[in-house]
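Chemist: My structure is below; once you've seen it, I'll send some questions.
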Amino acid sequence: MHLEWLRLLAPETIVVVTALIVLMADLTLFRQKPITFRAAVAGMIATLGCLIAIFWLEELSVSQKLGMLSLSPLTQMIKQAILALTIFTALISFSAKFTRHIGEYFALLLVATVGLLFLISSENLLMIFVSLELLSLSLYAMVAFNKASLASSEAALKYFLFGGMAAAFTLYGISLIYGLTGSLELPEIATKLSAQTATPALFLALVMTLIGFAFKLAAAPFHLWAPDAYQGAPTQIASFIASGSKIGSFFVLARILAVGFPQNTGSAAFCSWTSGWAPILALLAVISMLLGNIVAIMQSSVKRLLAYSAIAHGGYALLAFFGTGTRAMSALMFYVITYAITVLGAFAVVAMVENGSNREQMRDFAGLSRRAPVLSACMAVFMLSLAGIPPLAGFFGKFYVFTVALSGPQNLGLLWLVIVAISASAISLYYYLQVLKQIYVADVPAHPAPLDTNVIARGAIVVLAAAVVLMGCLPGPTLEKLATAMAKSIF
Amino acid sequence: MLPIVKYLWLIPALPLLAAGLAALLKKERRASAATLAIGSMSISFLLALAAFLPTLSHGEHGVFRECFNFTWFEFADNTFQSASTVQLGWVLDPLTAMMLVMVTFVGLLIFIYSVGYMAHDENFTRFFCFLALFAAAMLGIVIANSLLLLFISWELVGLASYLLIGFWYHKPSAAAAAKKAFITTRVGDMGFLLGMLWLYSKTGTLLFYDGGNGCLEQSALIKLVAETTMCGMAISTAISILIFCGAAGKSGQVPLHVWLPDAMEGPTPVSALIHAATMVAAGVFLMARIYPLLSASADPATISTGLKVVAWVGSITAVFAACIAVAQNDIKRILAYSTVSQLGYMMLGLGVGGVAVGMFHLITHAFFKALLFLGSGSVIHGCHEEQDIRKMGGLRILMPITFATYAIGMLALCGFPLLFSGFWSKDEILASAHHWQISQIPFYLGVIGAFLTAFYMTRQMFYVFFGSPTVSPAAVADTKAKHSHNPHSSHSHEPATSIHESPPVMTMPLVILAVFAVLLGLIGTPAWPWFHGYLAGHSPKVDLGKLAEDAGLMLVSAVVVFTAMGLSWLVYSKVTLQKSREVDPLEKAQPFFWRLLANKFYIDELYEVTIIRLNKAFSVLSDWLDRTFWTGVVTMISHLTVGLSWLSRKIDEDLVNGGFDHGCDGLRESSRNLSKAQNGQTQFYFRVLGIAFVALVLALIWRAK
């Protein structure tokens with residue numbers, strides 16, 4: 001019995017053990033070695049651990065409830081995606097120059113990953129909260145990792161304060177829900193709620209619970225931490241916050257709303273709003289898309305620009321919540337996964353350019369195409385995919401999400417939302433092209449700062465760019481895999 | 001299906017190929033061009049004979065008839081629900097076979113004759129190219145099993161005719177005649193086209209025979225007869241009259257006959273082949289082909305309006321043209337009007353007596369008229385391009401073969417009793433007209449026409465072949481002056497004074513044609529009407545008694561012919577001996593009528609002052625409208641467009657671009673302002689969080705019922 005449980009939870013266990021190994025090895029064996037060597041070793045161990053976890057997950061294709069957890073082929077697949085993103089984060093951290101505490105850095109990254117893995121498995125509100133806190137606490141610490149930088153500390157503090165406040169709201173919301181239903185299990189909450197009429201207390205609970213996730217998704221107006229944290233944090237960490245962490249948060253939010261509150265959807269259709277979580281999400285989506293895209297126009301820092309772009313993309317992804325059934329879920333996951341890959345790549349390029357310094361302004365990218373053509377081409381792929389230009393992955397992600405939003409139960413009632421999304425998308429092209437303009441059109445400055453030349457990191461970027469092109473040109477296999485996983489899951 | 005039916009298309013295809021190849025030849029390759037044309041025509045003739053043989057045996061339903069149809073293209077059509085098809089095809093039946101043999105045979109003889117006649121022409125190659133093209137098109141008409149294919153070939157024939165009439169295009173009169181022929185026949189073709197389209201819209205097919213679905217077969221005819229159009233006319237009648245318009249244009253029926261005499265500007269072999277033997281007969285052939293449609297009427301006992309129209313137009317044309325022929329002096333023009341007149345006879349025969357009667361005259365006429373034209377060509381050739389009969393004379397001694405063959409042709413045309421084919425075919429037309437239920441007037445018109453024909457042909461004989469054998473030197477000088485700009489005319493000839501017999505290459509065809517002009521009559525005598533049986537699909541019996549039945553009528557027509565010839569002899573035998581032949585005795589007696597006839601009843605002048613003047617007035621009006629009114633409209637529109645484009649530029653620059661710029665500025669402005677909200681103060685962030693939380697909760701509670 002316990003052996004079986006261990007088998008099912010082996011991926012999480014492996015990652016935890018890997019985290020401990022990394023920490024111990026770095027603190028004991030390699031303490032005196034040069035930083036780059038230590039980073040490489042730790043990165044390799046972390047990568048290895050994650051790879052083993054990925055392959056183990058490949059073997060597990062069960063649909064099973066396990067105490068507070070609930071496993072299914074879908075969760076296995078999302079976990080694999082997250083582990084893969086962790087690997088890429090580790091790979092681009094090989095040349096990390098912002099800290100000497102290599103062991104702690106990789107251990108924290110792995111612990112955050114464990115938090116994500118549990119988050120994805122949970123079907124219990126308490127478990128979800130605990131996993132979320134595990135993730136968040138690891139990330140707070142990682143944002144503050146660049147001890148030499150004041151901005152890093154400031155960002156970490158803001159992130160922590162805002163996150164703590166959001167967590168408080170969520171916990172309060174959870175306790176209200178427990179009070180209303182007497183349960184923390186999502187399916188049970190659903191059955192209990194279906195017997196009740198919607199009361200203001202429920203709405204209060206719903207909004208409070210959602211605030212915590214809106215914070216994690218950086219959905220406006222709960223986004224205020226994001227630009228500061230993205231800019232201040234070491235770029236590798238920012239990339240993980242924007243990619244792996246986003247996937248987990250979106251998945252668990254979808255799970256909570258679909259499994260726990262299927263009766264309380266409400267409607268966000270034009271001129272016929274009814275209360276429920278749908279209008280809240282619609283509001284968040286609209287504000288995020290408009291605010292994220294408009295404010296991004298004026299940004300001179302590429303990381304800040306990517307932060308606002310992340311806010312806007314969170315808005316787009318929220319549109320998938322208005323569809324129903326497996327199609328909506330697979331559109332959401334396809335969108336979030338492709339976005340995560342793209343934004344991870346974009347941050348990785350930024351990390352290459354700033355090379356341990358803080359020079360990640362637009363002007364620091366001037367003439368990059370002449371200095372690093374491959375890197376520039378990858379950045380072009382990422383930027384155009386983020387802007388949603390076919391045939392890149394970003395276009396199909398957006399396309400599926402918009403289609404799903406229009407095919408929901410309200411039929412064309414959500415057309416207004418899609419129109420806003422498309423207009424916002426048009427605005428976004430401007431600032432993405434600004435970056436490319438700097439790279440391809442602007443002249444090389446007289447004394448450009450040296451670029452990071454780490455081969456492994458560059459290789460990882462090329463792989464990510466190839467994935468973006470491939471998933472854009474051939475979205476079929478990924479979608480098919482999502483669909484089969486979903487069909488086998490009790491979601 | 002017989003192999004010959006499947007490969008019937010080769011008969012027109014071979015001359016077409018020859019025409020195409022000849023068109024590619026250099027001017028100097030004269031022998032190759034002639035070989036190509038004559039060779040292809042010979043093979044076509046053999047194929048035509050091969051096609052002719054099976055038609056001699058009768059099919060199951062009387063007439064031997066086999067067709068080969070194929071789909072040309074398909075298109076979606078709402079009228080017939082399903083996809084409509086346009087089919088083409090060819091048919092082999094007695095009518096086709098007989099025409100094939102006639103056209104290829106006469107054509108072949110004329111091709112051979114042309115080698116001699118055109119020997120000195122520098123555009124010899126081009127001439128044979130056109131001749132072959134014409135033959136291909138004419139054979140296309142003959143084999144067509146689709147009105148559309150027939151129409152296509154019909155227009156090709158028109159084109160070939162245009163090219164050949166205008167062959168000597170440097171002569172303004174030839175160019176004008178070509179234009180006139182083309183335009184006049186086009187007037188008739190307009191009716192043909194309309195009739196064809198109407199037929200297609202009613203029956204959905206243009207195939208003549210298609211195993212019961214063709215437009216000439218029972219089911220289609222019943223449908224066409226049942227519907228009536230304006231004035232209570234059956235649709236079948238209306239359509240056939242429209243198609244008759246085309247036939248009238250091609251066959252020179254009144255009032256569209258004006259182009260045919262002018263067409264004599266072309267080389268004489270062309271006149272013989274196209275404007276006497278074959279093409280002009282195409283109209284008669286077309287009528288014979290659509291005879292089921294033409295004769296269809298709701299009540300089988302009554303004669304359809306279409307047939308009546310054909311009979312009346314034919315009889316009027318027969319007399320009308322014969323009158324004009326009396327007062328002409330150009331040897332070819334006399335023959336041309338005679339052709340018009342004889343075509344009228346054919347139409348009359350078709351109208352009153354059916355396909356066999358009309359077609360029999362068509363066949364016999366083809367041979368003797370070709371003979372006469374080639375003979376006249378020989379005369380013209382011998383007299384160095386002289387065409388005025390008053391300037392000829394005594395040629396019977398100088399050109400004995402020409403004289404003998406020409407005399408045979410002339411007697412056949414006049415309908416000289418018993419021996420000559422023309423007598424039998426014309427007599428049959430008159431007999432049918434006599435038995436016509438509707439009216440006797442066509443019969444009397446026919447008799448008058450026969451009288452006039454005998455009269456003017458005898459007159460021509462006297463002028464050309466009798467009397468003094470010399471052409472006055474003044475006339476020769478005149479001729480030379482007339483043709484001095486014409487390089488092919490006389491520079492290579494012998495001295496102008498020596499009138500000579502034509503070379504054998506020209507006289508041989510004359511002899512062959514003369515033989516047929518005599519013998520052909522035997523296949524259609526009342527005693528042994530093989531020709532009728534052949535066309536109708538039953539075996540004829542020899543019955544001499546029939547001869548006796550029609551004896552009265554034959555006697556009448558013989559008397560008419562003899563009287564006319566005798567009268568003509570009386571008038572002209574003396575004149576031809578005189579030196580001064582400029583003034584015709586009849587002109588002295590009746591100057592007014594003579595002038596009327598000599599000027600062809602002033603028909604051309606009538607057209608000149610009516611239709612052409614109207615057309616010119618209309619052109620002037622159109623020109624005026626074009627220059628003032630339409631130009632004004634166009635200018636106005638252009639100004640309007642300029643105005644509009646100015647407006648849209650303004651809109652574009654000020655409203656769209658301006659609006660866009662304004663929008664972008666707005667976006668930047670709001671971006672700047674919103675960026676300021678991100679002030680880095682955590683206190684402010686929490687305030688926003690709190691406000692958003694309260695607002696969301698309130699919104700939900702407010703909207704909850």
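Naming works like this for the structure tokens: A, B, ... for the chains as they're shown, residue 1 at the start of each chain, ligands 1 onward in shown order.
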Determine which residues of chain B sit within 6 Å of chain A, taking into account only C-alpha atoms, and present them as a list in words.

Modeler: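 On the chain B side, the interface is Ser671, Ser675, Val697, Leu700, Ile701, Arg703 and Ala704 of chain B.
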
Chemist: Name the residues in contact with Leu21 of chain B at a cut-off of 10 Å, using only C-alpha atoms, excluding same-chain residues fewer than 3 positions from it; report them as an MDAnalysis selection string.

Modeler: chainID B and resid 15:18 24:25 32:33 36:37 129

Chemist: Which value, in Å to one decimal, gives the distance between atom CA of Pro442 of chain B and atom CA of Met410 of chain B?

Modeler: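 For atom CA of Pro442 of chain B relative to atom CA of Met410 of chain B, the distance reads 23.8 Å.
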
Chemist: Just the residues within 9 Å of Ala238 of chain A, please, counting only C-alpha atoms, with nothing from its chain fewer than 2 positions along; format it as a VMD selection string.

Modeler: chain A and resid 143 229 to 236 240 to 243 303 307 344 347

Chemist: As an exercise, work out the distance from atom CA of Leu319 of chain A to atom CA of Leu281 of chain A in Å and give it to one decimal place.

Modeler: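 Separation between atom CA of Leu319 of chain A and atom CA of Leu281 of chain A: 8.2 Å.
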
Chemist: Enter the distance from atom CA of Met346 of chain B to atom CA of Ala450 of chain B, in Å, rounded to one decimal.

Modeler: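 About the pair atom CA of Met346 of chain B and atom CA of Ala450 of chain B: they are 13.0 Å apart.
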
Chemist: With only C-alpha atoms as the counted atoms, please give the residues lying no more than 7 Å from Gly195 of chain B, apart from itself and same-chain residues fewer than 6 positions off, as a list in words.

Modeler: Ile239, Ser240, Leu242 and Ile243 of chain B

Chemist: Can you tell me, as a VMD selection string, what residues are no more than 12 Å from Gly249 of chain B when counting only C-alpha atoms, ignoring any on the same chain fewer than 4 positions away?

Modeler: chain B and resid 154 to 155 158 180 to 192 242 to 245 253 to 260 279 to 284 286 340 343

Chemist: Counting only C-alpha atoms, figure out which residue out of B:Ala51, B:Val447, B:Met1, B:Val505 gets nearest to Lys426 of chain B.

Modeler: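 Using only C-alpha atoms, the shortest distance to Lys426 of chain B belongs to B:Val447.
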
Chemist: Neighbours of segment 457-465 of chain A within 6 Å (only C-alpha atoms; same-chain residues fewer than 3 positions away dropped), as a PyMOL selection string?

Modeler: chain A and resi 91-92+345+378+454+468

Chemist: Just C-alpha atoms for this one: save the residues we selected as a compact mmCIF listing (two decimals), in the first residue's frame.

Modeler:
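The resulting file, again01.txt, is shown below:
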```txt
# COMPACT_ATOMS: atom_id res chain seq x y z
CA LEU A 91 20.21 25.18 -18.35
CA ILE A 92 20.11 28.92 -18.79
CA GLY A 345 13.13 31.77 -24.45
CA CYS A 378 15.54 33.26 -31.92
CA ASN A 454 27.63 29.98 -22.74
CA VAL A 468 7.94 27.51 -31.00
```

Chemist: Which one of A:Pro34, A:Pro11, A:Gly472, A:Gly248 sits closest to Trp56 of chain A if you count only C-alpha atoms?

Modeler: A:Pro11

Chemist: May I have the residues within 12 Å of Ser245 of chain A as a PyMOL selection string, using only C-alpha atoms and disregarding those fewer than 3 positions away in the same chain?

Modeler: chain A and resi 78-79+81-83+85-86+89+109+112-117+119-120+131-132+134-136+138-139+213+215-218+237-242+248-252+336-337+339-340+344

Chemist: Write the residues of the selection above to a file with N, CA and C atoms, as a compact mmCIF listing (two decimals), in the first residue's frame.

Modeler:
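selection-v5.txt written:
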```
# COMPACT_ATOMS: atom_id res chain seq x y z
N ILE A 78 1.01 17.67 -17.54
CA ILE A 78 1.32 19.04 -17.13
C ILE A 78 2.60 19.04 -16.30
N LYS A 79 2.70 18.03 -15.45
CA LYS A 79 3.91 17.94 -14.61
C LYS A 79 5.15 17.79 -15.48
N ALA A 81 5.53 18.88 -18.43
CA ALA A 81 5.81 20.19 -19.05
C ALA A 81 6.54 21.07 -18.06
N ILE A 82 6.07 21.06 -16.82
CA ILE A 82 6.70 21.93 -15.81
C ILE A 82 8.14 21.49 -15.56
N LEU A 83 8.34 20.18 -15.47
CA LEU A 83 9.70 19.67 -15.24
C LEU A 83 10.61 20.06 -16.40
N LEU A 85 10.30 22.68 -18.27
CA LEU A 85 10.61 24.10 -18.16
C LEU A 85 11.65 24.33 -17.06
N THR A 86 11.56 23.55 -15.98
CA THR A 86 12.56 23.65 -14.92
C THR A 86 13.94 23.32 -15.47
N THR A 89 15.15 26.20 -17.38
CA THR A 89 15.57 27.26 -16.46
C THR A 89 16.95 26.93 -15.90
N LEU A 109 15.13 26.21 -6.64
CA LEU A 109 14.43 26.03 -7.92
C LEU A 109 13.68 24.70 -7.92
N ALA A 112 10.75 24.77 -5.48
CA ALA A 112 9.61 25.46 -6.11
C ALA A 112 8.91 24.53 -7.09
N THR A 113 9.69 23.75 -7.81
CA THR A 113 9.12 22.81 -8.76
C THR A 113 8.25 21.77 -8.04
N VAL A 114 8.78 21.30 -6.90
CA VAL A 114 8.00 20.33 -6.12
C VAL A 114 6.67 20.96 -5.71
N GLY A 115 6.73 22.24 -5.28
CA GLY A 115 5.50 22.93 -4.93
C GLY A 115 4.52 22.91 -6.10
N LEU A 116 5.03 23.18 -7.27
CA LEU A 116 4.19 23.19 -8.48
C LEU A 116 3.61 21.81 -8.73
N LEU A 117 4.44 20.77 -8.58
CA LEU A 117 3.97 19.42 -8.86
C LEU A 117 2.82 19.06 -7.92
N LEU A 119 0.90 21.19 -6.39
CA LEU A 119 -0.21 22.08 -6.73
C LEU A 119 -1.08 21.45 -7.82
N ILE A 120 -0.39 20.83 -8.77
CA ILE A 120 -1.12 20.27 -9.91
C ILE A 120 -1.88 19.02 -9.51
N SER A 131 0.67 23.91 -1.14
CA SER A 131 1.59 23.82 -2.29
C SER A 131 1.91 25.20 -2.82
N LEU A 132 0.86 26.02 -2.90
CA LEU A 132 1.03 27.38 -3.40
C LEU A 132 2.04 28.14 -2.54
N LEU A 134 4.38 26.80 -0.68
CA LEU A 134 5.71 26.23 -0.90
C LEU A 134 6.35 26.87 -2.12
N LEU A 135 5.57 26.96 -3.20
CA LEU A 135 6.03 27.58 -4.43
C LEU A 135 6.40 29.03 -4.18
N SER A 136 5.45 29.76 -3.57
CA SER A 136 5.64 31.20 -3.40
C SER A 136 6.85 31.50 -2.54
N SER A 138 9.49 29.77 -1.99
CA SER A 138 10.73 29.52 -2.73
C SER A 138 11.00 30.67 -3.69
N LEU A 139 9.96 31.12 -4.38
CA LEU A 139 10.17 32.18 -5.37
C LEU A 139 10.56 33.49 -4.70
N PHE A 213 -5.19 33.64 -6.73
CA PHE A 213 -4.74 33.14 -8.04
C PHE A 213 -4.52 34.27 -9.02
N PHE A 215 -3.39 37.03 -8.27
CA PHE A 215 -2.05 37.50 -7.93
C PHE A 215 -0.99 36.64 -8.61
N LYS A 216 -1.16 35.31 -8.51
CA LYS A 216 -0.16 34.41 -9.12
C LYS A 216 -0.11 34.61 -10.64
N LEU A 217 -1.31 34.83 -11.25
CA LEU A 217 -1.37 35.00 -12.71
C LEU A 217 -0.97 36.40 -13.13
N ALA A 218 -0.80 37.30 -12.13
CA ALA A 218 -0.53 38.71 -12.44
C ALA A 218 -1.63 39.30 -13.31
N ILE A 237 15.25 33.75 -12.82
CA ILE A 237 14.14 33.55 -11.91
C ILE A 237 12.86 34.13 -12.50
N ALA A 238 13.01 35.32 -13.08
CA ALA A 238 11.84 35.94 -13.72
C ALA A 238 11.26 35.00 -14.77
N SER A 239 12.15 34.35 -15.50
CA SER A 239 11.66 33.46 -16.57
C SER A 239 10.89 32.31 -15.95
N PHE A 240 11.35 31.81 -14.80
CA PHE A 240 10.63 30.70 -14.18
C PHE A 240 9.27 31.16 -13.64
N ILE A 241 9.25 32.35 -13.06
CA ILE A 241 7.97 32.89 -12.56
C ILE A 241 6.98 33.02 -13.71
N ALA A 242 7.52 33.49 -14.85
CA ALA A 242 6.63 33.75 -15.98
C ALA A 242 6.22 32.47 -16.68
N GLY A 248 1.31 26.12 -13.76
CA GLY A 248 0.70 25.53 -12.58
C GLY A 248 -0.50 26.32 -12.11
N SER A 249 -0.34 27.66 -12.04
CA SER A 249 -1.42 28.50 -11.52
C SER A 249 -2.66 28.41 -12.41
N PHE A 250 -2.45 28.47 -13.73
CA PHE A 250 -3.61 28.40 -14.63
C PHE A 250 -4.31 27.07 -14.50
N PHE A 251 -3.50 25.99 -14.40
CA PHE A 251 -4.12 24.67 -14.34
C PHE A 251 -4.95 24.53 -13.08
N VAL A 252 -4.38 24.96 -11.95
CA VAL A 252 -5.10 24.74 -10.70
C VAL A 252 -6.32 25.65 -10.62
N VAL A 336 -1.10 28.11 -22.69
CA VAL A 336 -0.19 28.42 -21.58
C VAL A 336 1.16 27.77 -21.81
N ILE A 337 1.16 26.52 -22.30
CA ILE A 337 2.45 25.84 -22.52
C ILE A 337 3.25 26.55 -23.59
N TYR A 339 2.99 29.60 -24.51
CA TYR A 339 3.42 30.90 -23.99
C TYR A 339 4.63 30.73 -23.07
N ALA A 340 4.56 29.72 -22.20
CA ALA A 340 5.65 29.49 -21.25
C ALA A 340 6.96 29.25 -21.99
N LEU A 344 9.96 31.96 -21.78
CA LEU A 344 11.21 31.45 -21.20
C LEU A 344 12.36 31.75 -22.15
```

Chemist: Taking the DSSP assignment computed from this structure's backbone, write out as a ChimeraX atom specification all residues of segment 371-599 of chain B that belong to helix (DSSP H, G or I).

Modeler: /B:371-382,389-391,395-398,400-414,421-434,441-465,473-482,504-524,530-536,544-549,551-575,585-589,591-598

Chemist: Kindly indicate which residue among A:Ala226, A:Ser357, A:Ser122, A:Phe160 lies nearest to Leu253 of chain A, using only C-alpha atoms for the distances.

Modeler: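 Of A:Ala226, A:Ser357, A:Ser122, A:Phe160, the one nearest Leu253 of chain A, counting only C-alpha atoms, is A:Ser122.
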